[in-house]
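Structure data follow from model.tsv (TSV, C-alpha atoms and all ligand atoms):
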```tsv
chain	number	residue	atom	x	y	z
V	1	MET	CA	102.81	111.47	92.72
V	2	SER	CA	104.30	110.09	89.50
V	3	ILE	CA	102.23	107.98	87.12
V	4	LYS	CA	104.56	105.07	87.71
V	5	LYS	CA	104.18	105.30	91.45
V	6	LYS	CA	100.42	105.62	91.13
V	7	THR	CA	100.23	102.53	88.95
V	8	PHE	CA	102.34	100.63	91.42
V	9	ALA	CA	100.15	101.72	94.32
V	10	ALA	CA	97.02	100.62	92.46
V	11	LEU	CA	98.63	97.30	91.61
V	12	ALA	CA	99.77	96.75	95.16
V	13	CYS	CA	96.28	97.53	96.34
V	14	THR	CA	94.74	95.02	93.92
V	15	LEU	CA	97.23	92.37	95.02
V	16	ALA	CA	96.52	93.06	98.66
V	17	LEU	CA	92.80	92.68	98.01
V	18	SER	CA	93.14	89.47	96.06
V	19	PHE	CA	95.28	87.85	98.72
V	20	GLY	CA	93.16	89.16	101.55
V	21	PHE	CA	95.91	90.99	103.40
V	22	ALA	CA	94.83	93.19	106.26
V	23	PRO	CA	95.39	96.90	105.55
V	24	ALA	CA	97.89	97.09	108.41
V	25	ALA	CA	100.13	94.41	106.94
V	26	GLN	CA	103.67	95.39	106.03
V	27	ALA	CA	103.24	93.77	102.61
V	28	ALA	CA	103.49	95.90	99.47
V	29	GLY	CA	105.19	98.70	101.35
V	30	ALA	CA	102.01	99.82	103.06
V	31	GLN	CA	102.16	101.26	106.54
V	32	ALA	CA	105.80	102.27	106.76
V	33	ILE	CA	105.08	104.62	109.62
V	34	SER	CA	103.76	103.92	113.08
V	35	VAL	CA	102.98	106.34	115.89
V	36	LYS	CA	103.91	105.76	119.51
V	37	ASP	CA	103.64	107.67	122.79
V	38	ALA	CA	101.02	110.02	121.36
V	39	TRP	CA	99.58	112.53	123.82
V	40	VAL	CA	98.17	116.02	124.01
V	41	ARG	CA	99.03	118.66	126.57
V	42	TRP	CA	95.66	120.15	127.36
V	43	LEU	CA	95.24	123.67	128.70
V	44	PRO	CA	92.14	125.15	130.34
V	45	ASN	CA	89.96	128.00	129.02
V	46	ASN	CA	90.03	126.81	125.43
V	47	LEU	CA	93.70	127.69	125.06
V	48	PRO	CA	95.52	125.96	122.20
V	49	ALA	CA	96.70	122.44	123.05
V	50	ALA	CA	99.91	120.80	121.90
V	51	GLY	CA	100.19	117.28	120.48
V	52	TYR	CA	103.29	115.14	120.87
V	53	ALA	CA	104.27	111.74	119.46
V	54	THR	CA	107.14	109.68	118.15
V	55	LEU	CA	106.97	108.67	114.49
V	56	VAL	CA	108.72	105.43	113.58
V	57	ASN	CA	109.67	104.53	110.02
V	58	ALA	CA	110.03	100.79	109.40
V	59	SER	CA	110.82	101.18	105.71
V	60	ASP	CA	114.16	101.62	103.96
V	61	LYS	CA	113.21	105.02	102.54
V	62	PRO	CA	112.79	108.35	104.32
V	63	VAL	CA	109.14	109.39	104.61
V	64	ASP	CA	107.90	112.94	105.23
V	65	LEU	CA	104.97	113.96	107.38
V	66	VAL	CA	103.20	116.40	105.05
V	67	ASP	CA	99.82	117.18	106.60
V	68	ILE	CA	97.93	116.97	109.87
V	69	SER	CA	94.22	117.33	110.46
V	70	SER	CA	91.82	116.38	113.22
V	71	SER	CA	88.12	115.77	113.54
V	72	ASP	CA	88.40	117.12	117.10
V	73	TYR	CA	90.07	120.47	116.32
V	74	GLY	CA	89.41	123.07	113.65
V	75	ASP	CA	93.10	123.70	113.26
V	76	ALA	CA	96.05	121.31	113.54
V	77	MET	CA	99.51	122.27	112.36
V	78	LEU	CA	103.09	121.31	112.94
V	79	HIS	CA	105.24	123.90	114.68
V	80	GLN	CA	108.82	124.01	115.84
V	81	THR	CA	109.97	125.89	118.91
V	82	VAL	CA	113.08	127.87	118.08
V	83	SER	CA	115.06	129.63	120.76
V	84	ASN	CA	117.21	132.61	120.02
V	85	GLY	CA	119.03	133.54	123.17
V	86	SER	CA	116.58	134.12	125.98
V	87	SER	CA	113.39	134.17	123.92
V	88	GLN	CA	111.50	131.41	122.15
V	89	LYS	CA	109.28	131.54	119.12
V	90	MET	CA	107.28	129.09	117.05
V	91	VAL	CA	107.75	128.56	113.35
V	92	MET	CA	105.54	126.62	110.95
V	93	VAL	CA	106.95	123.36	109.61
V	94	ASP	CA	105.80	122.21	106.16
V	95	ARG	CA	107.24	118.73	106.29
V	96	LEU	CA	109.04	116.61	108.81
V	97	THR	CA	111.27	113.82	107.56
V	98	VAL	CA	111.24	110.47	109.34
V	99	PRO	CA	114.54	108.82	108.39
V	100	ALA	CA	114.66	105.30	106.91
V	101	HIS	CA	114.66	102.71	109.71
V	102	GLY	CA	114.61	105.61	112.14
V	103	GLN	CA	112.31	107.79	114.15
V	104	VAL	CA	111.61	111.39	114.91
V	105	ALA	CA	110.22	112.78	118.14
V	106	ILE	CA	107.59	115.49	118.21
V	107	ALA	CA	108.42	116.42	121.80
V	108	PRO	CA	108.36	119.39	124.18
V	109	GLY	CA	111.10	121.89	123.38
V	110	GLY	CA	111.24	120.81	119.74
V	111	TYR	CA	108.28	120.08	117.52
V	112	HIS	CA	104.63	120.17	118.54
V	113	VAL	CA	101.30	119.88	116.82
V	114	MET	CA	99.44	123.07	117.59
V	115	LEU	CA	95.78	122.25	118.18
V	116	GLU	CA	93.31	125.10	118.12
V	117	ASP	CA	89.58	125.62	117.90
V	118	ALA	CA	88.35	122.47	119.70
V	119	LYS	CA	85.15	121.21	118.10
V	120	ARG	CA	83.82	119.62	121.28
V	121	LYS	CA	84.52	119.85	124.97
V	122	ILE	CA	87.85	118.11	125.46
V	123	ALA	CA	89.22	117.32	128.92
V	124	PRO	CA	92.13	115.38	130.43
V	125	GLY	CA	91.41	111.66	130.21
V	126	ASP	CA	89.84	111.98	126.75
V	127	THR	CA	91.28	110.60	123.56
V	128	VAL	CA	91.46	112.77	120.46
V	129	ARG	CA	92.32	111.63	116.96
V	130	LEU	CA	94.83	113.18	114.62
V	131	LYS	CA	95.07	112.25	110.98
V	132	LEU	CA	98.67	112.24	109.78
V	133	LYS	CA	99.41	112.26	106.05
V	134	PHE	CA	102.75	111.12	104.68
V	135	SER	CA	104.69	111.64	101.45
V	136	ASP	CA	104.43	107.95	100.53
V	137	GLY	CA	100.66	108.30	100.38
V	138	GLU	CA	99.78	106.66	103.65
V	139	THR	CA	97.46	108.21	106.18
V	140	LEU	CA	97.34	107.32	109.86
V	141	ASP	CA	94.40	108.09	112.09
V	142	ALA	CA	96.15	108.03	115.46
V	143	PRO	CA	94.66	108.24	118.96
V	144	PHE	CA	96.26	110.82	121.28
V	145	ALA	CA	95.76	110.66	125.06
V	146	VAL	CA	94.74	114.02	126.52
V	147	LYS	CA	96.68	114.98	129.68
V	148	SER	CA	96.49	117.93	132.03
V	149	PRO	CA	99.65	120.02	132.54
V	150	ALA	CA	100.00	118.48	136.03
V	151	GLN	CA	100.08	114.96	134.54
V	152	THR	CA	102.94	115.82	132.24
V	153	LYS	CA	105.37	117.24	134.76
N	201	CU	CU	102.77	126.21	118.15
```

If you convert what's in this file into structure tokens, what do you get?
Ligand SMILES: [Cu+2]
Amino acid sequence: MSIKKKTFAALACTLALSFGFAPAAQAAGAQAISVKDAWVRWLPNNLPAAGYATLVNASDKPVDLVDISSSDYGDAMLHQTVSNGSSQKMVMVDRLTVPAHGQVAIAPGGYHVMLEDAKRKIAPGDTVRLKLKFSDGETLDAPFAVKSPAQTK
């Protein structure tokens, strides 16, 4: 982050405080990104789960998803399913750009959040939380609905 940007962020924060804006307010460029349709495809026997969601960017600048973590899983990372002919493989994705005034789908067949090493017993019907970090400095702690494979067909 540049010094200039940092100073602006600090200033915006001070302004927000002095005027009593809620943190979720659109003012001062905060909260450009929102998460919708967030769910997790759960698998039995402690197999890795996959998280899916649509990221919506309300701002006029592209914003990148740069990091994912979860208090419910030891490991959370963004993968992309790539098919070459008849076979499919997963590749790691460092950043995912959400276009200005646009959205990007983390959806079956494309991107997924690979969730491994569950820290507690997680079952369909639960809600898990994923912390999404973005290039503009914002962090979202989003609830994901846990579904069984049968519920997602
Ligand atoms: Cu994966």

Counting all atoms listed in the file, the option among V:Asn57, V:Tyr73, V:Gly109, V:Trp39 closest to Gln88 in chain V: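 Using all atoms listed in the file, the shortest distance to Gln88 in chain V belongs to V:Gly109.
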
Shell of 12 Å around ligand CU 201 (chain N) (only C-alpha atoms and all ligand atoms), written as a PyMOL selection string: chain V and resi 41+47-52+75-82+88-93+106-116

Closest of V:Ala100, V:Ala32, V:Val40, V:Ala58 to Arg129 in chain V - atom-to-atom distances counting only C-alpha atoms: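 Using only C-alpha atoms, the shortest distance to Arg129 in chain V belongs to V:Val40.
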
All residues 12 Å or closer to Asp60 in chain V, all atoms listed in the file, same chain fewer than 5 positions away omitted, as a list of chain:residue names: V:Gly29, V:Ala32, V:Ile33, V:Val98, V:Pro99, V:Ala100, V:His101, V:Gly102

So how many Å separate CA of Ser69 in chain V and CA of Asp141 in chain V, to one decimal?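 A separation of 9.4 Å between them.
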
Rounded to one decimal in Å, what is the spacing between CA of Arg95 in chain V and CA of Asp117 in chain V? 22.2 Å

Just to confirm, what's the straight-line distance from CA of Gly74 in chain V to CA of Gln103 in chain V in Å (one decimal)?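 Separation between CA of Gly74 in chain V and CA of Gln103 in chain V: 27.5 Å.
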
Identify which of the residues V:Ala142, V:Asp136, V:Thr152, V:Lys36 lies closest to Lys61 in chain V, counting all atoms listed in the file when measuring atom-to-atom distances. V:Asp136

Can you work out which one of V:Val35, V:Val56, V:Leu65, V:Ala118 has the shortest atom-to-atom distance to Thr97 in chain V, counting only C-alpha atoms?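 Among V:Val35, V:Val56, V:Leu65, V:Ala118, it is V:Leu65 that comes nearest to Thr97 in chain V.
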
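Restricting the calculation to only C-alpha atoms, the smallest distance between Gly137 in chain V and any of V:Ala150, V:Val63, V:Ala105, V:Leu96 is found for V:Val63.
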
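The shortest atom-to-atom distance to Thr127 in chain V, with only C-alpha atoms taken into account, belongs to V:Ala145 out of V:Val104, V:Ala145, V:Ile68, V:Leu140.
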